[in-house]
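Asks: Attaching a single structure in structure tokens format; questions to follow.
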Amino acid sequence: MYRQLVAIVLTSAWLLAGGGAWAQSPADSSKPNLVFILADDLGWTDLACYGSRYYETPHIDRMAEEGIRFVNGYTCGPNCQPTRAALMSGQYGPRTGVYTVGSIERFNWRRRSLRPVDNVTALPLDRVTIAQSLKTAGYATGMFGKWHLGQLGEHHPRQRGFDEAIVSMGRHFNFNTSPKVEYPDGTYLADFLTDKAVDFIRRHREKPFFLYLPHFGVHSPYQAKKKLIAKFRDKPAAGGHHDPTYAAMIASVDESVGRVLAALKEFELDENTLVIFSSDNGGVGGYLREGIRGGTATDNAPLRGGKGMLYEGGVRVPYVFRWPGKIPPGQTCDRPINSVDLYPTLLELGGASTPAGQTLDGASYAGLLAAGGRQEPSREAIYWHFPGYLGAGAGTWRTAPVGVIRAGDWKLLEFFEDRRLELYNLREDIGERKDLAASMPDKVQQLHAQLKSWQTAIQAPMPTPHDPDSAPETKPGQPEQE
């Protein structure tokens with residue numbers, strides 16, 4: 001009760017001082033600009049402000065110093081598409097059918113005991129995206145980078161609410177774009193996308209805008225500018241961070257953030273612009289400790305595992321927010337936030353309406369930002385539903401079908417193949433090394449019942465039994481960009 005009273009008093013004081021100016025008065029019709037910058041495969045510890053002693057991220061660090069840094073930020077999936085679908089729709093995977101990347105034939109599930117739930121590979125057209133909602137509310141909307149929710153025709157972001165959109169992924173040099181755009185030889189993709197983003201800000205500075213800048217960096221192939229690679233070549237490794245090319249890729253994403261912030265300052269938009277920085281899933285690393293053969297681009301320690309896993313290393317990511325004069329500077333918040341929360345938050349800040357007939361699974365954290373993180377959570381739990389398999393090298397697997405709940409400090413995983421339950425206290429055991437399921441049966445029962453209730457309410461489809469002994473030997477499908 002005391003904590004709640006303090007939070008209310010602090011929040012009220014901040015609002016009265018003008019810090020809650022996004023709650024516009026009827027006489028003030030101005031709307032804030034909204035900028036969301038998303039890195040690809042950037043791990044939770046891949047920023048200096050999140051603990052790296054090898055990578056250098058001065059511009060993102062400045063964002064954190066001037067705003068708020070969430071240490072319990074989560075994605076809706078352990079790889080690319082489910083997170084992006086949740087960000088754009090405000091819905092968990094069971095509502096969109098987007099659980100992973102590509103079809104279930106990517107990996108040889110026939111040698112396992114369950115048949116995965118079929119995966120939807122493009123965001124359903126009947127979902128109103130956050131861009132469509134903000135456009136209806138008077139925003140200019142632009143997107144430059146990795147879309148990955150259906151690339152062509154009516155699925156292209158130009159048809160999903162973005163006034164302007166250039167899509168590119170797959171390569172960092174000699175890249176393709178949709179629509180086709182010419183650029184000088186040797187152009188680095190992160191720089192190209194930032195050029196387009198800054199130009200968008202310049203041209204739309206007189207009206208509210210929503211800018212979505214989803215970088216392809218730091219996704220493989222690991223390619224970077226030579227000058228930046230040279231900067232890190234002789235730097236000593238630290239905490240599992242060691243690769244100069246990967247460090248250079250992070251530096252390019254950080255340069256992009258710096259250029260966006262500089263443009264906002266140049267055009268005198270700083271105090272009317274919320275800038276958000278995050279990643280779509282955990283970093284590529286941490287596998288060998290789990291007996292998994294996979295890449296080692298980075299290390300997510302102290303978190304367990306990495307991209308493609310439902311342990312913390314796969315789904316916990318950086319989340320940094322900056323809005324001078326509105327968000328108190330230098331704050332750290334431990335309240336859990338999730339991909340589905342972006343949609344209701346931007347609706348509230350932009351004065352937009354919830355689309356009719358579209359359930360939003362997230363909770364707005366607008367008030368949490370205004371209060372500098374000092375506010376009680378507005379929900380009991382966050383959830384994951386992953387009814388498929390993600391393979392790795394040498395016949396190992398990053399994950400099998402699993403359901404997850406995080407409630408408070410507690411996290412429960414239910415692996416559907418053998419119904420195994422694992423329980424962790426994340427405040428005391430961030431590395432998920434001490435499974436408490438056997439010693440805390442009451443807590444297991446409580447969280448499991450809560451997870452099952454959510455699965456029933458959202459009508460989450462389950463993988464079905466399959467006899468691996470009778471399955472013919474098959475080769476998995478072609479790899480796809482995660």
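Letters A, B, ... mark the chains of the structure tokens in the order given; residue numbers begin at 1 per chain; ligand numbers begin at 1, in order shown.
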From the DSSP assignment of the backbone, select every residue of stretch 117-322 of chain A that is strand (DSSP E), and format the answer as a ChimeraX atom specification.
Replies: /A:140-145,164-167,209-214,273-279,316-322
Asks: With only C-alpha atoms as the counted atoms, please give the residues lying no more than 7 Å from stretch 161-167 of chain A, apart from itself and same-chain residues fewer than 5 positions off, as a ChimeraX atom specification.
Replies: /A:129,131-132,135,140-147,177-179
Asks: Can you build me a table of stretch 159-207 of chain A residues sitting at most 8 Å from stretch 251-261 of chain A, with the closest atom pair per residue and its distance in Å to one decimal, using only C-alpha atoms, sorted by chain and residue number, as a tab-separated table?
Replies:
```
residue	atom	partner	partner_atom	distance
A:Ala190	CA	A:Val253	CA	6.5
A:Asp191	CA	A:Ser256	CA	6.9
A:Thr194	CA	A:Ser256	CA	5.8
A:Ala197	CA	A:Val260	CA	7.5
A:Val198	CA	A:Val260	CA	6.1
```
Asks: I want to know what sits within 9 Å of A:Leu310, based on only C-alpha atoms, with residues of the same chain fewer than 6 positions away left out; could you give that as a PDB file with C-alpha atoms, in the first residue's frame?
Replies:
```
ATOM      1  CA  GLY A  77       8.816 -14.531 -29.660  1.00  0.00           C
ATOM      2  CA  PRO A  78      12.326 -15.978 -29.636  1.00  0.00           C
ATOM      3  CA  TRP A 384       4.429 -16.883 -24.629  1.00  0.00           C
ATOM      4  CA  PHE A 386       5.473 -21.428 -29.102  1.00  0.00           C
ATOM      5  CA  ARG A 398      17.066 -24.540 -29.663  1.00  0.00           C
ATOM      6  CA  THR A 399      13.520 -25.176 -28.507  1.00  0.00           C
ATOM      7  CA  VAL A 402       6.600 -24.738 -25.055  1.00  0.00           C
ATOM      8  CA  GLY A 403       4.272 -22.410 -23.198  1.00  0.00           C
ATOM      9  CA  VAL A 404       5.556 -19.794 -20.755  1.00  0.00           C
ATOM     10  CA  LEU A 413       7.804 -23.110 -18.629  1.00  0.00           C
TER      11      LEU A 413
END
```
Asks: From the set A:Arg127, A:Lys231, A:Lys411, A:Arg62, which residue has the shortest atom-to-atom contact distance to A:Gly357, counting only C-alpha atoms?
Replies: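 Closest to A:Gly357, using only C-alpha atoms: A:Arg127.
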Asks: Could you list, as an MDAnalysis selection string, every residue within 12 Å of A:Ser220, counting only C-alpha atoms and ignoring same-chain residues fewer than 6 positions away?
Replies: chainID A and resid 40:42 169:173 245:246 249 283:284 295:298 480:482
Asks: With distances taken over only C-alpha atoms, which of A:Phe416, A:Tyr92, A:Phe321, A:Phe277 is nearest to A:Thr359?
Replies: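 Among the listed residues, the smallest separation from A:Thr359 belongs to A:Tyr92.
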Asks: DSSP on the backbone: which residues in stretch 45-275 of chain A end up as helix (DSSP H, G or I)? Give the answer as JSON, numbers by chain.
Replies: {"A": [48, 49, 50, 58, 59, 60, 61, 62, 63, 64, 65, 66, 80, 81, 82, 83, 84, 85, 86, 87, 88, 89, 93, 94, 95, 96, 104, 105, 106, 109, 110, 111, 130, 131, 132, 133, 134, 135, 136, 153, 154, 155, 157, 158, 159, 189, 190, 191, 192, 193, 194, 195, 196, 197, 198, 199, 200, 201, 202, 203, 226, 227, 228, 229, 230, 231, 232, 233, 244, 245, 246, 247, 248, 249, 250, 251, 252, 253, 254, 255, 256, 257, 258, 259, 260, 261, 262, 263, 264, 265, 266, 270, 271, 272]}
Asks: Taking C-alpha atoms for each residue, export the selection above as an mmCIF file, in the first residue's frame.
Replies:
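And here is the file that came out, result.cif:
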```cif
data_model
loop_
_atom_site.group_PDB
_atom_site.id
_atom_site.type_symbol
_atom_site.label_atom_id
_atom_site.label_comp_id
_atom_site.auth_asym_id
_atom_site.auth_seq_id
_atom_site.Cartn_x
_atom_site.Cartn_y
_atom_site.Cartn_z
ATOM 1 C CA ALA A 48 27.256 -0.575 -22.928
ATOM 2 C CA CYS A 49 24.330 0.753 -20.888
ATOM 3 C CA TYR A 50 23.241 -2.865 -20.342
ATOM 4 C CA PRO A 58 27.458 6.064 -26.907
ATOM 5 C CA HIS A 59 24.276 7.341 -28.594
ATOM 6 C CA ILE A 60 21.995 4.644 -27.168
ATOM 7 C CA ASP A 61 23.709 5.107 -23.818
ATOM 8 C CA ARG A 62 22.855 8.807 -24.032
ATOM 9 C CA MET A 63 19.243 7.894 -24.716
ATOM 10 C CA ALA A 64 19.274 5.899 -21.485
ATOM 11 C CA GLU A 65 20.928 8.740 -19.557
ATOM 12 C CA GLU A 66 18.340 11.202 -20.816
ATOM 13 C CA CYS A 80 11.890 -12.409 -35.816
ATOM 14 C CA GLN A 81 8.370 -12.743 -37.171
ATOM 15 C CA PRO A 82 6.315 -13.317 -34.008
ATOM 16 C CA THR A 83 7.808 -10.207 -32.430
ATOM 17 C CA ARG A 84 7.148 -8.048 -35.478
ATOM 18 C CA ALA A 85 3.605 -9.371 -35.810
ATOM 19 C CA ALA A 86 2.946 -8.542 -32.148
ATOM 20 C CA LEU A 87 4.414 -5.052 -32.471
ATOM 21 C CA MET A 88 2.314 -4.209 -35.508
ATOM 22 C CA SER A 89 -0.954 -5.876 -34.379
ATOM 23 C CA GLY A 93 0.675 -15.222 -31.562
ATOM 24 C CA PRO A 94 -2.473 -17.320 -31.027
ATOM 25 C CA ARG A 95 -4.543 -14.433 -32.420
ATOM 26 C CA THR A 96 -2.417 -13.868 -35.544
ATOM 27 C CA ILE A 104 6.940 -25.902 -40.140
ATOM 28 C CA GLU A 105 9.001 -27.741 -42.782
ATOM 29 C CA ARG A 106 12.097 -25.650 -41.999
ATOM 30 C CA TRP A 109 9.916 -32.231 -36.895
ATOM 31 C CA ARG A 110 8.938 -35.729 -38.075
ATOM 32 C CA ARG A 111 11.638 -37.180 -35.855
ATOM 33 C CA ILE A 130 -0.439 0.441 -35.479
ATOM 34 C CA ALA A 131 0.528 2.475 -38.559
ATOM 35 C CA GLN A 132 -3.047 2.353 -39.853
ATOM 36 C CA SER A 133 -4.401 3.449 -36.478
ATOM 37 C CA LEU A 134 -1.971 6.351 -36.192
ATOM 38 C CA LYS A 135 -2.556 7.397 -39.793
ATOM 39 C CA THR A 136 -6.274 7.607 -39.043
ATOM 40 C CA GLY A 153 1.532 -6.901 -52.967
ATOM 41 C CA GLU A 154 -1.135 -6.209 -50.410
ATOM 42 C CA HIS A 155 1.133 -7.377 -47.579
ATOM 43 C CA PRO A 157 3.930 -2.069 -45.576
ATOM 44 C CA ARG A 158 2.815 0.551 -48.102
ATOM 45 C CA GLN A 159 -0.510 -1.303 -48.069
ATOM 46 C CA LEU A 189 22.355 -0.804 -45.390
ATOM 47 C CA ALA A 190 22.120 0.746 -41.910
ATOM 48 C CA ASP A 191 23.383 4.053 -43.336
ATOM 49 C CA PHE A 192 20.970 3.881 -46.274
ATOM 50 C CA LEU A 193 17.980 3.274 -44.008
ATOM 51 C CA THR A 194 19.050 6.091 -41.720
ATOM 52 C CA ASP A 195 19.363 8.462 -44.689
ATOM 53 C CA LYS A 196 15.750 7.684 -45.566
ATOM 54 C CA ALA A 197 14.610 8.054 -41.956
ATOM 55 C CA VAL A 198 16.298 11.449 -41.503
ATOM 56 C CA ASP A 199 14.853 12.664 -44.802
ATOM 57 C CA PHE A 200 11.404 11.532 -43.657
ATOM 58 C CA ILE A 201 11.796 13.548 -40.442
ATOM 59 C CA ARG A 202 12.914 16.609 -42.418
ATOM 60 C CA ARG A 203 9.967 16.470 -44.814
ATOM 61 C CA LYS A 226 36.067 -1.756 -42.550
ATOM 62 C CA LYS A 227 36.875 1.361 -40.575
ATOM 63 C CA LEU A 228 34.647 0.267 -37.712
ATOM 64 C CA ILE A 229 35.984 -3.306 -37.754
ATOM 65 C CA ALA A 230 39.517 -1.925 -37.433
ATOM 66 C CA LYS A 231 38.434 0.093 -34.391
ATOM 67 C CA PHE A 232 37.615 -3.080 -32.451
ATOM 68 C CA ARG A 233 40.218 -5.474 -33.870
ATOM 69 C CA PRO A 244 35.173 -7.007 -33.991
ATOM 70 C CA THR A 245 32.821 -7.373 -36.973
ATOM 71 C CA TYR A 246 29.785 -7.841 -34.747
ATOM 72 C CA ALA A 247 30.930 -4.909 -32.605
ATOM 73 C CA ALA A 248 31.225 -2.788 -35.746
ATOM 74 C CA MET A 249 27.678 -3.729 -36.758
ATOM 75 C CA ILE A 250 26.402 -2.629 -33.353
ATOM 76 C CA ALA A 251 28.364 0.593 -33.756
ATOM 77 C CA SER A 252 26.586 1.260 -37.078
ATOM 78 C CA VAL A 253 23.180 0.809 -35.452
ATOM 79 C CA ASP A 254 24.306 3.143 -32.684
ATOM 80 C CA GLU A 255 25.452 5.692 -35.282
ATOM 81 C CA SER A 256 21.964 5.488 -36.780
ATOM 82 C CA VAL A 257 20.381 6.297 -33.431
ATOM 83 C CA GLY A 258 22.727 9.238 -33.049
ATOM 84 C CA ARG A 259 21.822 10.602 -36.473
ATOM 85 C CA VAL A 260 18.096 10.347 -35.736
ATOM 86 C CA LEU A 261 18.558 12.169 -32.423
ATOM 87 C CA ALA A 262 20.652 14.838 -34.148
ATOM 88 C CA ALA A 263 17.955 15.355 -36.787
ATOM 89 C CA LEU A 264 15.310 15.794 -34.118
ATOM 90 C CA LYS A 265 17.467 18.408 -32.407
ATOM 91 C CA GLU A 266 18.266 20.186 -35.691
ATOM 92 C CA ASP A 270 13.333 17.005 -29.403
ATOM 93 C CA GLU A 271 10.766 17.985 -26.816
ATOM 94 C CA ASN A 272 7.829 16.746 -28.833
#
```
Asks: Tell me which protein, DNA and RNA residues are within 12 Å of A:Thr345, counting only C-alpha atoms, leaving out same-chain ones fewer than 4 positions away, and put them as a PyMOL selection string.
Replies: chain A and resi 22+34+36+87+90+130+134+274+276+337-341+349-354+360-370
Asks: Could the residues in this selection be written to a file with C-alpha atoms, as a short mmCIF file (atom, residue, chain, number, x, y, z; two decimals), in the first residue's frame?
Replies:
```cif
data_model
loop_
_atom_site.label_atom_id
_atom_site.label_comp_id
_atom_site.auth_asym_id
_atom_site.auth_seq_id
_atom_site.Cartn_x
_atom_site.Cartn_y
_atom_site.Cartn_z
CA TRP A 22 0.95 13.76 -23.60
CA LEU A 34 6.74 8.79 -32.36
CA PHE A 36 10.52 3.34 -32.92
CA LEU A 87 4.41 -5.05 -32.47
CA GLY A 90 -0.83 -5.58 -30.59
CA ILE A 130 -0.44 0.44 -35.48
CA LEU A 134 -1.97 6.35 -36.19
CA LEU A 274 9.30 10.03 -28.06
CA ILE A 276 12.12 4.10 -28.44
CA ILE A 337 7.00 -4.86 -20.70
CA ASN A 338 6.32 -6.82 -23.86
CA SER A 339 6.02 -6.42 -27.64
CA VAL A 340 2.22 -6.32 -27.48
CA ASP A 341 2.42 -3.22 -25.26
CA LEU A 349 0.17 8.91 -26.76
CA GLY A 350 -1.10 9.66 -30.26
CA GLY A 351 -4.73 10.14 -29.29
CA ALA A 352 -5.79 7.30 -31.61
CA SER A 353 -8.71 4.92 -31.16
CA THR A 354 -8.52 1.18 -30.68
CA LEU A 360 -5.28 -5.69 -27.99
CA ASP A 361 -3.42 -8.00 -25.63
CA GLY A 362 -0.97 -5.47 -24.28
CA ALA A 363 -1.06 -2.76 -21.64
CA SER A 364 -0.13 0.88 -22.23
CA TYR A 365 3.01 1.95 -20.43
CA ALA A 366 2.47 5.66 -21.15
CA GLY A 367 1.81 6.44 -17.49
CA LEU A 368 4.78 4.33 -16.47
CA LEU A 369 7.04 6.46 -18.66
CA ALA A 370 5.68 9.69 -17.22
#
```
Asks: Counting only C-alpha atoms, which residue out of A:Asn281, A:Gln223, A:Gln450, A:Gln331 sits closest to A:Val71?
Replies: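 Of the candidates, the smallest distance to A:Val71 is held by A:Gln331.
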Asks: Need the shell around A:Pro465: protein/DNA/RNA residues with any atom at most 8 Å away, counting only C-alpha atoms. Skip same-chain ones fewer than 5 positions apart. Format as a PyMOL selection string?
Replies: chain A and resi 113-115
Asks: Could those residues be written to a file, using N, CA and C atoms, as a PDB file, in the first residue's frame?
Replies:
```
ATOM      1  N   SER A 113       8.145 -35.929 -31.323  1.00  0.00           N
ATOM      2  CA  SER A 113       6.902 -36.591 -30.909  1.00  0.00           C
ATOM      3  C   SER A 113       5.652 -35.750 -31.118  1.00  0.00           C
ATOM      4  N   LEU A 114       5.804 -34.513 -31.604  1.00  0.00           N
ATOM      5  CA  LEU A 114       4.644 -33.673 -31.844  1.00  0.00           C
ATOM      6  C   LEU A 114       4.703 -33.080 -33.253  1.00  0.00           C
ATOM      7  N   ARG A 115       3.518 -32.910 -33.830  1.00  0.00           N
ATOM      8  CA  ARG A 115       3.431 -32.162 -35.077  1.00  0.00           C
ATOM      9  C   ARG A 115       3.176 -30.705 -34.730  1.00  0.00           C
TER      10      ARG A 115
END
```
Asks: Pick out the residues sitting within 9 Å of A:Arg304, and hand them over as an NGL selection string; count only C-alpha atoms, and ignore anything fewer than 6 positions along from it in its own chain.
Replies: :A and (286-287 or 289-290 or 311-314 or 430-433)
Asks: Okay, now the selection with C-alpha atoms, as a PDB file, in the first residue's frame?
Replies:
```
ATOM      1  CA  GLY A 286      24.881 -18.807 -25.263  1.00  0.00           C
ATOM      2  CA  TYR A 287      24.167 -22.150 -26.954  1.00  0.00           C
ATOM      3  CA  ARG A 289      26.429 -24.024 -22.347  1.00  0.00           C
ATOM      4  CA  GLU A 290      23.106 -25.677 -23.209  1.00  0.00           C
ATOM      5  CA  TYR A 311      14.817 -18.904 -21.746  1.00  0.00           C
ATOM      6  CA  GLU A 312      15.699 -15.311 -20.924  1.00  0.00           C
ATOM      7  CA  GLY A 313      18.558 -15.091 -23.418  1.00  0.00           C
ATOM      8  CA  GLY A 314      16.104 -15.595 -26.255  1.00  0.00           C
ATOM      9  CA  ILE A 430      18.333 -14.369 -13.570  1.00  0.00           C
ATOM     10  CA  GLY A 431      20.321 -17.147 -15.258  1.00  0.00           C
ATOM     11  CA  GLU A 432      17.543 -19.717 -14.743  1.00  0.00           C
ATOM     12  CA  ARG A 433      19.936 -22.275 -13.273  1.00  0.00           C
TER      13      ARG A 433
END
```
Asks: Work out how far apart atom CA of A:Tyr424 and atom CA of A:Ala301 are and give it in Å to one decimal.
Replies: 16.4 Å
